[in-house]
Amino acid sequence: MGVGVGESFADYVNETLGFGLTNTTALFSVGLVVVLVLQFRERRYIPGIYWLAVVLISVVGTLLTDNLTDARGVALWVSSTVFAVLLAGVFAAWYARERTLSIHAINTTPREAWYWLVVLVTFALGTAVGDWTLELTGWSPGASILLPASLILAVLAAWRFGMGPVLSFWLAYILTRPLGANIGDFLALPKGEGGLGLGTLVTSLVFLGTILATVVYLTRSRVDRTEVVASDIPEGESALT
């Protein structure tokens, strides 16, 4: 959902509203910084703040790729490679510092910082790889969804047959990014280009509505909460888990 709304909402604000890449990037970057400050200040998991950060970071990540492709003329295969190498570097640095990449161990501020950096790079990578898939294969947006979806199913099968849970999670997590980008393109692009023709505004509203419904459900049900009461979280630890 995150990368889908990032793809469509960034295009809507940039192109339809005419903000331009520079102004759109500045606007959402400022918003992201503000929300991340709120996220890091919380000593407990708040679904509304967390998912707002996901939405904003998805838009900013998408805009990173758009700036390289549209404003700088960087080929999609180059940006895909650069972001893939950068992501591998972030993972390596995270593991070197913390000796774990498990999301269940994100219980300190530095580990949460690594987590959000990974999320940002994966959104940028997902946008680049999703668009590159369309460019490379010539597939329709609908058909392009099948590749990352099939790879996610392959990761699920590998996990069932014994692949480590941490590796399985991150592989699936990374693959959801091009999947979301391709779904966003499929919904938004005109029918003449193989899409459903919903446009960027309607597509953004669909994704945002789905995320809002998820936040309401999680807030009320608390099924995603693993933390104990806030007073049990030591000073300086993260509210992410």
# chains A, B, ... in the order shown; residues from 1 in each chain; ligands from 1
>>> select_by_dssp(residues="region 10-233 of chain A", states="helix (DSSP H, G or I)", output="ChimeraX atom specification")
/A:10-16,20-41,47-71,76-98,103-105,109-137,141-144,146-160,165-188,191-193,199-221,230-232
>>> residues_around(residues="region 126-132 of chain A", least_positions_apart="2", cutoff="8 Å", atoms="only C-alpha atoms", output="PyMOL selection string")
chain A and resi 3+7+61-62+65+76-77+79-80+122-124+134-136+174-182
>>> closest_residue(among="A:Ala157, A:Leu218, A:Val166, A:Ala75", to="Ala105 (chain A)", atoms="only C-alpha atoms")
A:Val166
>>> residues_around(residues="Ile145 (chain A)", least_positions_apart="2", cutoff="8 Å", atoms="only C-alpha atoms", output="PyMOL selection string")
chain A and resi 141-143+147-149+179+182-183
>>> closest_residue(among="A:Phe161, A:Trp94, A:Trp116, A:Phe83", to="Tyr50 (chain A)", atoms="only C-alpha atoms")
A:Trp116
>>> closest_residue(among="A:Val216, A:Val206, A:Thr109, A:Ala92", to="Ile49 (chain A)", atoms="only C-alpha atoms")
A:Val216
>>> residues_around(residues="Leu117 (chain A)", least_positions_apart="2", cutoff="10 Å", atoms="only C-alpha atoms", output="VMD selection string")
chain A and resid 57 87 90 to 91 94 111 to 115 119 to 122
>>> write_last_selection(atoms="all heavy atoms", output="compact mmCIF listing (two decimals), in the first residue's frame")
# COMPACT_ATOMS: atom_id res chain seq x y z
N ILE A 57 7.13 8.72 3.84
CA ILE A 57 8.42 8.20 3.40
C ILE A 57 8.28 7.51 2.05
O ILE A 57 9.22 7.48 1.24
CB ILE A 57 9.02 7.26 4.46
CG1 ILE A 57 10.56 7.29 4.39
CG2 ILE A 57 8.53 5.82 4.32
CD1 ILE A 57 11.24 6.64 5.58
N LEU A 87 21.14 0.03 -0.58
CA LEU A 87 20.37 -0.76 0.38
C LEU A 87 21.23 -1.85 1.01
O LEU A 87 21.19 -2.07 2.23
CB LEU A 87 19.16 -1.38 -0.31
CG LEU A 87 18.24 -2.23 0.56
CD1 LEU A 87 17.66 -1.40 1.71
CD2 LEU A 87 17.12 -2.84 -0.27
N VAL A 90 23.44 -0.22 3.56
CA VAL A 90 22.73 0.14 4.79
C VAL A 90 22.52 -1.10 5.66
O VAL A 90 22.74 -1.08 6.88
CB VAL A 90 21.38 0.80 4.47
CG1 VAL A 90 20.57 1.01 5.76
CG2 VAL A 90 21.59 2.14 3.77
N PHE A 91 22.10 -2.20 5.03
CA PHE A 91 21.93 -3.45 5.78
C PHE A 91 23.25 -3.88 6.41
O PHE A 91 23.28 -4.31 7.58
CB PHE A 91 21.41 -4.55 4.86
CG PHE A 91 19.92 -4.61 4.74
CD1 PHE A 91 19.31 -4.60 3.50
CD2 PHE A 91 19.12 -4.68 5.87
CE1 PHE A 91 17.93 -4.65 3.38
CE2 PHE A 91 17.74 -4.74 5.76
CZ PHE A 91 17.14 -4.72 4.52
N TRP A 94 24.06 -1.57 9.30
CA TRP A 94 23.12 -1.85 10.40
C TRP A 94 23.56 -3.11 11.16
O TRP A 94 23.64 -3.10 12.39
CB TRP A 94 21.71 -2.01 9.83
CG TRP A 94 20.62 -2.30 10.81
CD1 TRP A 94 20.73 -2.43 12.17
CD2 TRP A 94 19.23 -2.48 10.52
NE1 TRP A 94 19.49 -2.71 12.74
CE2 TRP A 94 18.57 -2.74 11.75
CE3 TRP A 94 18.49 -2.48 9.34
CZ2 TRP A 94 17.19 -2.97 11.82
CZ3 TRP A 94 17.12 -2.70 9.42
CH2 TRP A 94 16.49 -2.94 10.64
N ARG A 111 18.46 1.59 16.37
CA ARG A 111 17.91 0.53 15.52
C ARG A 111 16.70 1.02 14.75
O ARG A 111 16.49 0.64 13.60
CB ARG A 111 17.56 -0.69 16.37
CG ARG A 111 18.79 -1.41 16.90
CD ARG A 111 18.43 -2.61 17.75
NE ARG A 111 19.63 -3.27 18.24
CZ ARG A 111 19.64 -4.36 19.01
NH1 ARG A 111 18.47 -4.90 19.38
NH2 ARG A 111 20.77 -4.90 19.39
N GLU A 112 15.90 1.86 15.38
CA GLU A 112 14.75 2.42 14.65
C GLU A 112 15.22 3.34 13.54
O GLU A 112 14.63 3.39 12.46
CB GLU A 112 13.81 3.17 15.60
CG GLU A 112 12.56 3.65 14.87
CD GLU A 112 11.53 4.29 15.78
OE1 GLU A 112 11.76 4.37 17.00
OE2 GLU A 112 10.48 4.70 15.25
N ALA A 113 16.30 4.08 13.78
CA ALA A 113 16.84 4.96 12.74
C ALA A 113 17.31 4.13 11.53
O ALA A 113 17.06 4.50 10.37
CB ALA A 113 18.01 5.77 13.30
N TRP A 114 17.98 3.02 11.80
CA TRP A 114 18.39 2.12 10.70
C TRP A 114 17.15 1.61 9.96
O TRP A 114 17.15 1.53 8.72
CB TRP A 114 19.18 0.94 11.25
CG TRP A 114 20.58 1.26 11.66
CD1 TRP A 114 21.11 1.23 12.93
CD2 TRP A 114 21.67 1.69 10.82
NE1 TRP A 114 22.43 1.59 12.91
CE2 TRP A 114 22.80 1.88 11.64
CE3 TRP A 114 21.77 1.93 9.45
CZ2 TRP A 114 24.03 2.29 11.13
CZ3 TRP A 114 23.00 2.34 8.93
CH2 TRP A 114 24.10 2.52 9.77
N TYR A 115 16.12 1.26 10.71
CA TYR A 115 14.90 0.74 10.10
C TYR A 115 14.30 1.76 9.12
O TYR A 115 13.98 1.41 7.98
CB TYR A 115 13.89 0.40 11.20
CG TYR A 115 12.50 0.10 10.68
CD1 TYR A 115 12.19 -1.15 10.16
CD2 TYR A 115 11.50 1.07 10.73
CE1 TYR A 115 10.91 -1.43 9.68
CE2 TYR A 115 10.22 0.80 10.27
CZ TYR A 115 9.94 -0.44 9.74
OH TYR A 115 8.67 -0.71 9.27
N VAL A 119 13.70 1.60 5.05
CA VAL A 119 12.39 1.82 4.43
C VAL A 119 12.48 2.86 3.32
O VAL A 119 11.94 2.68 2.23
CB VAL A 119 11.37 2.25 5.50
CG1 VAL A 119 10.05 2.67 4.85
CG2 VAL A 119 11.10 1.11 6.48
N LEU A 120 13.17 3.96 3.59
CA LEU A 120 13.31 5.02 2.59
C LEU A 120 13.99 4.51 1.32
O LEU A 120 13.52 4.74 0.21
CB LEU A 120 14.12 6.19 3.17
CG LEU A 120 14.43 7.34 2.21
CD1 LEU A 120 13.15 8.01 1.73
CD2 LEU A 120 15.35 8.36 2.88
N VAL A 121 15.09 3.78 1.50
CA VAL A 121 15.83 3.29 0.33
C VAL A 121 15.02 2.24 -0.42
O VAL A 121 15.03 2.21 -1.66
CB VAL A 121 17.20 2.72 0.75
CG1 VAL A 121 17.95 2.16 -0.47
CG2 VAL A 121 18.04 3.79 1.42
N THR A 122 14.28 1.40 0.29
CA THR A 122 13.48 0.38 -0.41
C THR A 122 12.36 1.02 -1.21
O THR A 122 12.00 0.52 -2.28
CB THR A 122 12.88 -0.65 0.57
OG1 THR A 122 12.11 0.01 1.57
CG2 THR A 122 13.96 -1.48 1.21
>>> atom_distance(atom1="CA of Phe28 (chain A)", atom2="CA of Val59 (chain A)")
7.1 Å
>>> atom_distance(atom1="CA of Ser150 (chain A)", atom2="CA of Ser58 (chain A)")
22.6 Å
>>> residues_around(residues="Val35 (chain A)", least_positions_apart="2", cutoff="12 Å", atoms="only C-alpha atoms", output="list of chain:residue names")
A:Phe28, A:Ser29, A:Val30, A:Gly31, A:Leu32, A:Val33, A:Val37, A:Leu38, A:Gln39, A:Phe40, A:Arg41, A:Glu42, A:Ile46, A:Gly48, A:Ile49, A:Tyr50, A:Trp51, A:Leu52, A:Ala53, A:Val54, A:Val55, A:Leu56, A:Ile57, A:Trp116
>>> atom_distance(atom1="CA of Val60 (chain A)", atom2="CA of Leu198 (chain A)")
22.4 Å
